[in-house]
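What follows is the content of model_7.cif (mmCIF, C-alpha atoms).
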data_protein
loop_
_atom_site.group_PDB
_atom_site.id
_atom_site.type_symbol
_atom_site.label_atom_id
_atom_site.label_comp_id
_atom_site.auth_asym_id
_atom_site.auth_seq_id
_atom_site.Cartn_x
_atom_site.Cartn_y
_atom_site.Cartn_z
ATOM 1 C CA MET M 1 43.529 -151.055 37.730
ATOM 2 C CA ARG M 2 41.971 -151.598 41.141
ATOM 3 C CA GLY M 3 45.264 -152.949 42.442
ATOM 4 C CA LEU M 4 46.999 -149.718 41.462
ATOM 5 C CA PHE M 5 44.374 -147.690 43.314
ATOM 6 C CA LEU M 6 44.796 -149.885 46.410
ATOM 7 C CA PHE M 7 48.564 -149.323 46.243
ATOM 8 C CA PHE M 8 48.092 -145.557 46.422
ATOM 9 C CA ALA M 9 45.483 -145.912 49.157
ATOM 10 C CA PHE M 10 47.904 -148.058 51.204
ATOM 11 C CA CYS M 11 50.733 -145.569 50.795
ATOM 12 C CA CYS M 12 48.457 -142.621 51.587
ATOM 13 C CA PRO M 13 45.882 -143.738 54.177
ATOM 14 C CA LEU M 14 42.545 -142.081 53.581
ATOM 15 C CA SER M 15 40.656 -140.003 56.096
ATOM 16 C CA ALA M 16 36.906 -140.391 56.548
ATOM 17 C CA LEU M 17 35.045 -137.964 54.323
ATOM 18 C CA ASP M 18 33.421 -135.464 56.700
ATOM 19 C CA LEU M 19 31.042 -134.097 54.073
ATOM 20 C CA ARG M 20 28.424 -131.555 55.187
ATOM 21 C CA LEU M 21 25.672 -129.692 53.404
ATOM 22 C CA PRO M 22 26.542 -126.040 52.665
ATOM 23 C CA THR M 23 23.511 -124.598 54.490
ATOM 24 C CA ALA M 24 20.862 -125.696 56.983
ATOM 25 C CA ASN M 25 18.656 -126.708 54.031
ATOM 26 C CA ASP M 26 18.669 -130.536 54.056
ATOM 27 C CA ALA M 27 15.851 -131.180 51.568
ATOM 28 C CA LEU M 28 18.382 -132.671 49.103
ATOM 29 C CA LEU M 29 18.793 -135.728 51.328
ATOM 30 C CA LYS M 30 15.039 -136.087 51.753
ATOM 31 C CA GLY M 31 14.101 -136.146 48.076
ATOM 32 C CA GLY M 32 12.792 -132.592 48.109
ATOM 33 C CA GLY M 33 14.099 -131.093 44.887
ATOM 34 C CA PRO M 34 11.726 -128.110 44.752
ATOM 35 C CA ASP M 35 12.528 -127.332 48.403
ATOM 36 C CA TYR M 36 16.271 -127.468 47.834
ATOM 37 C CA PHE M 37 17.134 -126.029 44.440
ATOM 38 C CA GLN M 38 16.593 -122.413 43.459
ATOM 39 C CA HIS M 39 14.636 -122.153 40.233
ATOM 40 C CA VAL M 40 15.765 -120.606 36.965
ATOM 41 C CA ASP M 41 13.723 -118.327 34.735
ATOM 42 C CA ARG M 42 12.993 -120.030 31.423
ATOM 43 C CA ASN M 43 11.341 -118.783 28.253
ATOM 44 C CA PHE M 44 11.133 -121.692 25.830
ATOM 45 C CA GLU M 45 9.025 -121.633 22.686
ATOM 46 C CA GLY M 46 7.020 -118.720 24.044
ATOM 47 C CA GLU M 47 6.241 -120.323 27.403
ATOM 48 C CA LYS M 48 7.675 -118.738 30.559
ATOM 49 C CA THR M 49 8.362 -121.125 33.447
ATOM 50 C CA THR M 50 10.432 -121.277 36.641
ATOM 51 C CA PRO M 51 11.698 -124.891 36.838
ATOM 52 C CA TRP M 52 13.568 -125.870 39.988
ATOM 53 C CA GLU M 53 15.404 -128.509 37.943
ATOM 54 C CA GLY M 54 17.621 -125.738 36.543
ATOM 55 C CA GLY M 55 19.293 -125.410 39.941
ATOM 56 C CA GLN M 56 20.689 -128.945 39.782
ATOM 57 C CA PHE M 57 24.114 -130.108 38.661
ATOM 58 C CA GLY M 58 24.337 -131.083 35.009
ATOM 59 C CA PHE M 59 22.635 -130.394 31.687
ATOM 60 C CA TRP M 60 19.463 -128.575 32.701
ATOM 61 C CA ARG M 61 19.600 -125.116 31.117
ATOM 62 C CA ASP M 62 18.895 -123.382 27.802
ATOM 63 C CA PRO M 63 16.638 -125.969 26.100
ATOM 64 C CA ARG M 64 16.799 -126.428 22.338
ATOM 65 C CA ARG M 65 14.343 -128.289 20.150
ATOM 66 C CA ILE M 66 16.079 -131.033 18.153
ATOM 67 C CA SER M 67 14.758 -133.864 15.989
ATOM 68 C CA SER M 68 14.845 -136.393 18.841
ATOM 69 C CA GLY M 69 13.288 -134.096 21.452
ATOM 70 C CA ILE M 70 14.877 -131.441 23.639
ATOM 71 C CA ALA M 71 18.582 -130.818 24.246
ATOM 72 C CA TYR M 72 20.003 -128.556 26.939
ATOM 73 C CA ALA M 73 22.748 -126.327 25.629
ATOM 74 C CA ARG M 74 24.092 -125.012 28.921
ATOM 75 C CA PHE M 75 25.857 -127.081 31.563
ATOM 76 C CA HIS M 76 25.461 -126.127 35.241
ATOM 77 C CA GLU M 77 28.574 -127.050 37.218
ATOM 78 C CA GLY M 78 27.205 -126.800 40.737
ATOM 79 C CA LEU M 79 24.139 -126.726 42.967
ATOM 80 C CA ASP M 80 21.979 -123.629 43.540
ATOM 81 C CA VAL M 81 20.708 -123.936 47.117
ATOM 82 C CA LYS M 82 17.667 -121.818 47.937
ATOM 83 C CA PRO M 83 17.348 -119.952 51.250
ATOM 84 C CA LEU M 84 15.264 -121.097 54.197
ATOM 85 C CA GLN M 85 15.049 -117.669 55.818
ATOM 86 C CA ARG M 86 14.505 -114.144 54.584
ATOM 87 C CA ASP M 87 14.138 -110.841 56.417
ATOM 88 C CA ALA M 88 11.167 -108.503 56.098
ATOM 89 C CA ALA M 89 12.734 -106.922 53.010
ATOM 90 C CA GLY M 90 13.160 -110.310 51.311
ATOM 91 C CA ASN M 91 16.909 -110.635 51.736
ATOM 92 C CA PRO M 92 18.248 -114.140 52.516
ATOM 93 C CA LEU M 93 19.488 -114.762 56.049
ATOM 94 C CA ASP M 94 20.984 -118.230 55.676
ATOM 95 C CA GLU M 95 24.529 -118.895 56.815
ATOM 96 C CA VAL M 96 26.873 -120.730 54.449
ATOM 97 C CA HIS M 97 29.059 -123.523 55.864
ATOM 98 C CA SER M 98 32.238 -125.208 54.663
ATOM 99 C CA MET M 99 31.241 -128.608 53.270
ATOM 100 C CA LEU M 100 34.556 -130.193 54.370
ATOM 101 C CA PRO M 101 37.510 -129.353 56.640
ATOM 102 C CA GLY M 102 40.231 -127.442 54.860
ATOM 103 C CA GLU M 103 42.015 -124.156 54.245
ATOM 104 C CA VAL M 104 40.497 -121.032 52.721
ATOM 105 C CA VAL M 105 42.692 -120.257 49.721
ATOM 106 C CA TYR M 106 40.734 -117.473 48.035
ATOM 107 C CA VAL M 107 38.166 -114.800 48.849
ATOM 108 C CA THR M 108 37.161 -112.354 46.117
ATOM 109 C CA ALA M 109 38.093 -108.723 46.560
ATOM 110 C CA SER M 110 35.056 -107.413 44.679
ATOM 111 C CA ALA M 111 31.672 -108.810 43.667
ATOM 112 C CA GLY M 112 31.899 -107.044 40.314
ATOM 113 C CA GLN M 113 34.926 -108.999 39.091
ATOM 114 C CA SER M 114 33.119 -112.297 38.413
ATOM 115 C CA ASN M 115 29.797 -113.796 37.365
ATOM 116 C CA TYR M 116 30.047 -115.607 40.695
ATOM 117 C CA GLY M 117 29.866 -112.278 42.546
ATOM 118 C CA ASN M 118 31.474 -112.615 45.957
ATOM 119 C CA TYR M 119 32.920 -116.118 46.211
ATOM 120 C CA ILE M 120 35.154 -118.248 48.412
ATOM 121 C CA VAL M 121 37.385 -121.204 47.508
ATOM 122 C CA ILE M 122 38.491 -123.763 50.131
ATOM 123 C CA LYS M 123 41.147 -126.442 49.590
ATOM 124 C CA HIS M 124 40.523 -129.928 51.029
ATOM 125 C CA ASP M 125 42.638 -133.070 51.133
ATOM 126 C CA TRP M 126 41.446 -136.221 52.893
ATOM 127 C CA GLY M 127 44.136 -138.419 51.329
ATOM 128 C CA GLU M 128 42.983 -138.550 47.691
ATOM 129 C CA GLY M 129 44.652 -135.375 46.479
ATOM 130 C CA PRO M 130 43.472 -131.764 46.699
ATOM 131 C CA PHE M 131 39.874 -130.834 45.934
ATOM 132 C CA PHE M 132 38.452 -127.316 45.968
ATOM 133 C CA SER M 133 34.997 -126.268 47.114
ATOM 134 C CA LEU M 134 33.542 -123.004 45.833
ATOM 135 C CA TYR M 135 30.718 -120.894 47.321
ATOM 136 C CA ALA M 136 29.295 -118.102 45.161
ATOM 137 C CA HIS M 137 26.805 -115.197 45.096
ATOM 138 C CA LEU M 138 27.598 -114.408 48.739
ATOM 139 C CA LYS M 139 26.554 -111.264 50.536
ATOM 140 C CA THR M 140 29.588 -111.292 52.800
ATOM 141 C CA ALA M 141 32.449 -113.589 53.775
ATOM 142 C CA CYS M 142 33.525 -114.073 57.375
ATOM 143 C CA VAL M 143 36.824 -115.850 56.658
ATOM 144 C CA ALA M 144 40.032 -114.796 54.935
ATOM 145 C CA ALA M 145 42.598 -116.612 52.820
ATOM 146 C CA GLY M 146 44.790 -118.747 55.050
ATOM 147 C CA THR M 147 42.022 -119.554 57.543
ATOM 148 C CA GLN M 148 41.757 -123.208 58.589
ATOM 149 C CA VAL M 149 38.103 -124.267 58.754
ATOM 150 C CA THR M 150 36.256 -127.298 60.071
ATOM 151 C CA ALA M 151 33.424 -129.119 58.312
ATOM 152 C CA GLY M 152 30.210 -127.224 58.918
ATOM 153 C CA GLN M 153 31.944 -124.012 60.035
ATOM 154 C CA VAL M 154 30.181 -120.781 59.042
ATOM 155 C CA ILE M 155 32.162 -119.026 56.326
ATOM 156 C CA ALA M 156 29.694 -116.547 54.793
ATOM 157 C CA ARG M 157 26.191 -115.170 54.479
ATOM 158 C CA MET M 158 24.021 -116.045 51.487
ATOM 159 C CA GLY M 159 23.330 -113.237 49.042
ATOM 160 C CA PHE M 160 22.589 -112.504 45.405
ATOM 161 C CA THR M 161 25.796 -110.946 44.055
ATOM 162 C CA GLY M 162 26.948 -111.717 40.524
ATOM 163 C CA SER M 163 25.401 -111.315 37.104
ATOM 164 C CA GLY M 164 21.908 -112.617 36.424
ATOM 165 C CA ILE M 165 21.003 -113.051 40.110
ATOM 166 C CA ASP M 166 18.329 -110.951 41.785
ATOM 167 C CA GLN M 167 16.842 -110.922 45.270
ATOM 168 C CA ARG M 168 13.978 -113.148 44.170
ATOM 169 C CA ARG M 169 16.430 -115.866 43.080
ATOM 170 C CA ALA M 170 18.894 -115.442 45.953
ATOM 171 C CA HIS M 171 20.896 -118.619 46.562
ATOM 172 C CA VAL M 172 24.347 -119.991 47.202
ATOM 173 C CA HIS M 173 25.960 -121.733 44.239
ATOM 174 C CA VAL M 174 28.318 -124.485 45.455
ATOM 175 C CA GLU M 175 30.809 -126.694 43.634
ATOM 176 C CA LEU M 176 33.403 -129.346 44.501
ATOM 177 C CA ASN M 177 36.233 -129.284 41.974
ATOM 178 C CA VAL M 178 39.584 -130.539 40.804
ATOM 179 C CA MET M 179 42.113 -127.924 39.713
ATOM 180 C CA LEU M 180 43.137 -128.204 36.065
ATOM 181 C CA SER M 181 46.467 -126.360 36.027
ATOM 182 C CA THR M 182 48.806 -124.264 38.158
ATOM 183 C CA GLU M 183 49.761 -122.465 34.920
ATOM 184 C CA PHE M 184 46.273 -121.083 34.380
ATOM 185 C CA ASP M 185 47.495 -117.455 34.163
ATOM 186 C CA LEU M 186 49.650 -118.269 31.148
ATOM 187 C CA TRP M 187 46.833 -120.214 29.466
ATOM 188 C CA HIS M 188 44.383 -117.352 30.117
ATOM 189 C CA SER M 189 46.760 -114.698 28.779
ATOM 190 C CA THR M 190 47.042 -116.468 25.416
ATOM 191 C CA GLY M 191 43.297 -116.604 24.768
ATOM 192 C CA PHE M 192 41.597 -113.706 26.540
ATOM 193 C CA ASN M 193 41.956 -109.939 26.324
ATOM 194 C CA THR M 194 40.280 -109.380 29.688
ATOM 195 C CA PRO M 195 42.279 -109.549 32.935
ATOM 196 C CA ASN M 196 42.204 -112.602 35.179
ATOM 197 C CA HIS M 197 41.377 -111.214 38.623
ATOM 198 C CA HIS M 198 41.323 -114.572 40.391
ATOM 199 C CA GLY M 199 44.614 -116.306 39.583
ATOM 200 C CA ILE M 200 44.464 -120.102 39.674
ATOM 201 C CA TYR M 201 41.132 -119.917 41.533
ATOM 202 C CA ASN M 202 39.305 -118.639 38.463
ATOM 203 C CA GLY M 203 36.189 -120.768 37.889
ATOM 204 C CA MET M 204 37.482 -121.802 34.451
ATOM 205 C CA ASN M 205 40.369 -123.590 36.175
ATOM 206 C CA LEU M 206 38.143 -125.515 38.595
ATOM 207 C CA LEU M 207 36.264 -128.444 37.073
ATOM 208 C CA GLY M 208 33.284 -129.780 38.991
ATOM 209 C CA LEU M 209 32.467 -133.222 40.289
ATOM 210 C CA ASP M 210 28.787 -134.203 40.278
ATOM 211 C CA LEU M 211 28.302 -132.837 43.791
ATOM 212 C CA GLN M 212 24.609 -133.689 43.825
ATOM 213 C CA ALA M 213 25.338 -137.378 43.201
ATOM 214 C CA LEU M 214 28.224 -137.308 45.686
ATOM 215 C CA TYR M 215 25.997 -136.062 48.516
ATOM 216 C CA LEU M 216 23.453 -138.797 47.844
ATOM 217 C CA ALA M 217 26.126 -141.500 47.552
ATOM 218 C CA HIS M 218 27.844 -140.348 50.749
ATOM 219 C CA ALA M 219 24.540 -140.417 52.624
ATOM 220 C CA LYS M 220 24.239 -144.102 51.725
ATOM 221 C CA ASN M 221 27.897 -144.889 52.404
ATOM 222 C CA PRO M 222 29.768 -142.512 54.749
ATOM 223 C CA ALA M 223 32.970 -144.537 54.172
ATOM 224 C CA LEU M 224 32.866 -143.617 50.483
ATOM 225 C CA SER M 225 36.139 -143.195 48.599
ATOM 226 C CA VAL M 226 35.727 -140.258 46.248
ATOM 227 C CA ALA M 227 38.509 -141.613 44.022
ATOM 228 C CA GLU M 228 36.732 -144.919 43.466
ATOM 229 C CA TRP M 229 33.412 -143.119 43.088
ATOM 230 C CA MET M 230 34.859 -140.830 40.416
ATOM 231 C CA ARG M 231 36.490 -143.728 38.549
ATOM 232 C CA SER M 232 33.121 -145.487 38.412
ATOM 233 C CA SER M 233 31.494 -142.492 36.666
ATOM 234 C CA GLU M 234 30.127 -142.975 33.174
ATOM 235 C CA ALA M 235 32.803 -142.399 30.541
ATOM 236 C CA TRP M 236 31.673 -140.396 27.503
ATOM 237 C CA ILE M 237 34.813 -139.130 25.788
ATOM 238 C CA GLU M 238 38.354 -140.422 25.381
ATOM 239 C CA ILE M 239 40.983 -137.939 24.279
ATOM 240 C CA THR M 240 44.489 -139.070 23.357
ATOM 241 C CA VAL M 241 47.202 -136.430 23.808
ATOM 242 C CA PRO M 242 50.967 -136.466 23.133
ATOM 243 C CA GLY M 243 53.235 -138.026 25.753
ATOM 244 C CA SER M 244 54.908 -134.628 26.204
ATOM 245 C CA ALA M 245 51.792 -133.324 27.996
ATOM 246 C CA LYS M 246 52.614 -132.216 31.549
ATOM 247 C CA MET M 247 49.608 -134.073 33.041
ATOM 248 C CA GLU M 248 49.547 -132.143 36.342
ATOM 249 C CA LEU M 249 46.354 -133.971 37.276
ATOM 250 C CA LEU M 250 48.304 -137.233 37.604
ATOM 251 C CA LYS M 251 50.690 -135.620 40.080
ATOM 252 C CA ARG M 252 47.848 -134.351 42.240
ATOM 253 C CA HIS M 253 45.622 -137.423 41.805
ATOM 254 C CA PRO M 254 47.847 -140.438 41.004
ATOM 255 C CA TRP M 255 44.876 -142.805 41.369
ATOM 256 C CA LEU M 256 43.660 -141.519 37.995
ATOM 257 C CA ARG M 257 46.464 -143.479 36.350
ATOM 258 C CA GLU M 258 45.361 -146.890 35.122
ATOM 259 C CA SER M 259 48.788 -148.370 34.421
ATOM 260 C CA SER M 260 52.184 -148.210 36.105
ATOM 261 C CA ALA M 261 54.091 -148.099 32.776
ATOM 262 C CA ALA M 262 57.236 -145.993 33.180
ATOM 263 C CA SER M 263 56.781 -143.912 30.022
ATOM 264 C CA ALA M 264 54.120 -142.986 27.516
ATOM 265 C CA ALA M 265 54.197 -142.045 23.834
ATOM 266 C CA SER M 266 50.726 -140.629 24.467
ATOM 267 C CA TRP M 267 48.078 -140.410 27.185
ATOM 268 C CA GLN M 268 44.506 -141.649 26.836
ATOM 269 C CA ILE M 269 42.227 -139.524 29.036
ATOM 270 C CA ARG M 270 38.750 -140.919 29.695
ATOM 271 C CA CYS M 271 36.317 -138.229 30.728
ATOM 272 C CA THR M 272 32.704 -137.713 31.709
ATOM 273 C CA ARG M 273 30.479 -135.924 29.238
ATOM 274 C CA TRP M 274 31.428 -132.545 30.706
ATOM 275 C CA GLY M 275 35.174 -133.324 30.515
ATOM 276 C CA LEU M 276 36.025 -134.478 34.061
ATOM 277 C CA PRO M 277 38.928 -136.975 33.840
ATOM 278 C CA ILE M 278 38.108 -140.301 35.483
ATOM 279 C CA CYS M 279 40.930 -142.468 34.133
ATOM 280 C CA ILE M 280 44.289 -141.720 32.468
ATOM 281 C CA LYS M 281 46.225 -144.464 30.704
ATOM 282 C CA PRO M 282 49.695 -144.340 29.126
ATOM 283 C CA CYS M 283 49.718 -145.541 25.519
ATOM 284 C CA SER M 284 52.515 -146.700 23.207
ATOM 285 C CA GLN M 285 50.969 -145.104 20.095
ATOM 286 C CA ALA M 286 52.303 -141.620 19.388
ATOM 287 C CA VAL M 287 50.039 -138.736 18.316
ATOM 288 C CA SER M 288 51.044 -135.287 17.113
ATOM 289 C CA GLY M 289 48.185 -133.513 18.857
ATOM 290 C CA PRO M 290 44.964 -134.177 20.770
ATOM 291 C CA ILE M 291 42.494 -136.483 19.027
ATOM 292 C CA VAL M 292 39.182 -138.111 19.912
ATOM 293 C CA SER M 293 40.054 -141.800 20.293
ATOM 294 C CA TRP M 294 36.638 -142.911 21.544
ATOM 295 C CA LEU M 295 33.222 -141.308 21.904
ATOM 296 C CA LYS M 296 30.035 -142.694 23.389
ATOM 297 C CA THR M 297 27.273 -143.272 20.854
ATOM 298 C CA ASP M 298 24.157 -141.383 21.867
ATOM 299 C CA PRO M 299 21.084 -139.876 20.125
ATOM 300 C CA MET M 300 21.985 -136.480 21.560
ATOM 301 C CA PRO M 301 24.113 -134.353 19.209
ATOM 302 C CA ASN M 302 27.716 -134.451 20.380
ATOM 303 C CA TYR M 303 27.985 -130.684 20.751
ATOM 304 C CA TYR M 304 25.097 -130.512 23.226
ATOM 305 C CA ALA M 305 26.052 -133.764 24.959
ATOM 306 C CA THR M 306 29.594 -132.564 25.731
ATOM 307 C CA ARG M 307 29.018 -128.872 26.559
ATOM 308 C CA GLY M 308 30.595 -127.930 23.254
ATOM 309 C CA LEU M 309 33.837 -129.891 23.647
ATOM 310 C CA ILE M 310 33.137 -132.226 20.717
ATOM 311 C CA SER M 311 31.507 -131.290 17.411
ATOM 312 C CA ASN M 312 28.587 -133.192 15.934
ATOM 313 C CA ASN M 313 30.991 -134.898 13.496
ATOM 314 C CA GLY M 314 33.088 -136.217 16.397
ATOM 315 C CA LYS M 315 36.002 -133.776 16.216
ATOM 316 C CA ILE M 316 37.409 -131.603 18.972
ATOM 317 C CA THR M 317 35.981 -128.088 18.750
ATOM 318 C CA VAL M 318 38.002 -124.907 19.141
ATOM 319 C CA GLU M 319 36.741 -124.479 22.718
ATOM 320 C CA GLY M 320 37.335 -128.174 23.334
ATOM 321 C CA MET M 321 40.949 -127.856 22.187
ATOM 322 C CA ARG M 322 41.504 -124.917 24.559
ATOM 323 C CA PHE M 323 40.060 -126.952 27.421
ATOM 324 C CA ILE M 324 42.268 -129.966 26.641
ATOM 325 C CA GLN M 325 45.373 -127.799 26.424
ATOM 326 C CA LEU M 326 44.648 -126.500 29.918
ATOM 327 C CA MET M 327 43.711 -129.893 31.388
ATOM 328 C CA ALA M 328 46.621 -131.864 29.889
ATOM 329 C CA GLY M 329 49.274 -129.137 29.993
ATOM 330 C CA LEU M 330 49.978 -128.797 26.278
#

Will you turn the file into structure tokens for me?
Amino acid sequence: MRGLFLFFAFCCPLSALDLRLPTANDALLKGGGPDYFQHVDRNFEGEKTTPWEGGQFGFWRDPRRISSGIAYARFHEGLDVKPLQRDAAGNPLDEVHSMLPGEVVYVTASAGQSNYGNYIVIKHDWGEGPFFSLYAHLKTACVAAGTQVTAGQVIARMGFTGSGIDQRRAHVHVELNVMLSTEFDLWHSTGFNTPNHHGIYNGMNLLGLDLQALYLAHAKNPALSVAEWMRSSEAWIEITVPGSAKMELLKRHPWLRESSAASAASWQIRCTRWGLPICIKPCSQAVSGPIVSWLKTDPMPNYYATRGLISNNGKITVEGMRFIQLMAGL
């Protein structure tokens, strides 16, 4: 497995990861969670609170009381970075920077067309395949699609556009993603009656890495390989899909492939608990459709533990099946 990764790394020499924070707020790297993350408004069991933890990446939102304690029903795919500066009227003044060098591939035409409000997507490739950073709830953008940007370059001004965001909770929501499919428009048209205004740069087609953990890991090791870091993530779900799946992810990120076998009757996709593929292995056993071939045992109900991809009885849910069809190209 490691030998295969080293083969790809040798053939495609990696560039150093010039990873920057998205604003001047550096409290994340100093252990200052409350100073870095914008809070969420929570009303749980009659108690209203404003926990900063809700601004983190991961399972931090919409608590539910279960027999073993509390489960969080809503997954947050990015980081909500609070402003350092506001004007006399309370509006944020912080500039937003590109976290990596790359090319701007998308800038929204209208804040009203997405829950993200005004957002920007930038494509990056440092030798491990394309990744896509996203910056949301912006007041204004100062770049256009096609612009080449450097790490740390100003691309926008922080704002509070998008649904559910007010001036009090102004922040920039940032993600670092892999793209699931270049055929997203077709997938979207078969399951939604509403128009897709954003093409392949729709947030549903961009699946987030744990950006919070990546920043902290990169601070410790600036020579970090994101591919190796991703492959070392905790596996939670294994889905086996038919060998006829298009598997675009393997073409963009060949290091995901665990074996060099020439053909596959099926593909075993190991994922994190939110569905991010971290290893894909060809298998000789044929399947007629996607199945759960392995699932981590955990006290948390499967549905909450996997953002609704897997049911509590260990089967793929309807929304999980839609996600797998997009990810695998079925």

Next item on the list: Name every residue that the PyMOL selection byres ((chain M and resi 171) around 10) selects in this structure, writing the answer as a ChimeraX atom specification with chains first and numbers rising.
Entry: /M:37-39,55,79-84,92,94,136-138,158-161,165-170,172-174

Notebook entry, point to check: Using only C-alpha atoms, which of M:Lys251, M:Ala144, M:Pro242, M:Ala261 sits nearest Val287 of chain M?
Noted result: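 Looking at the shortest contact to Val287 of chain M, the residue is M:Pro242.
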
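Comparing the minimum interatomic distances between Arg74 of chain M and each of M:Thr306, M:Ser133, M:Gln325, M:Asn43, counting only C-alpha atoms, we find that M:Thr306 sits nearest.
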
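Atom CA of Pro63 of chain M lies 26.0 Å from atom CA of Ala27 of chain M.
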
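Selection check: the PyMOL selection byres ((chain M and resi 26) around 12) on the shown file gives Arg20, Leu21, Pro22, Thr23, Ala24, Asn25, Ala27, Leu28, Leu29, Lys30, Gly31, Gly32, Gly33, Pro34, Asp35, Tyr36, Phe37, Val81, Lys82, Pro83, Leu84, Tyr215, Leu216 and Ala219 of chain M.
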
I'd like to see the residues matched by the PyMOL selection byres ((chain M and resi 128) around 7) on this file, and ideally I'd get them as a compact mmCIF listing (two decimals) with C-alpha atoms, keeping the file's coordinate frame.
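Written out: result.txt:
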# COMPACT_ATOMS: atom_id res chain seq x y z
CA LEU M 14 42.54 -142.08 53.58
CA ASP M 125 42.64 -133.07 51.13
CA TRP M 126 41.45 -136.22 52.89
CA GLY M 127 44.14 -138.42 51.33
CA GLY M 129 44.65 -135.38 46.48
CA PRO M 130 43.47 -131.76 46.70
CA ALA M 227 38.51 -141.61 44.02
CA HIS M 253 45.62 -137.42 41.80

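Comparing M:Gly199, M:Gly308, M:Gly69, M:Gly320 by their smallest distance to Thr108 of chain M, the closest is M:Gly199 (using all atoms listed in the file).
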
Notebook entry, point to check: Rounded to one decimal in Å, what is the spacing between atom CA of Thr317 of chain M and atom CA of Trp229 of chain M?
Noted result: 28.7 Å

Notebook entry, point to check: Do you know which residues are at most 9 Å from Asp41 of chain M counting all atoms listed in the file, after dropping those on the same chain fewer than 3 positions away, and could you put them as a count of residues only?
Noted result: 5
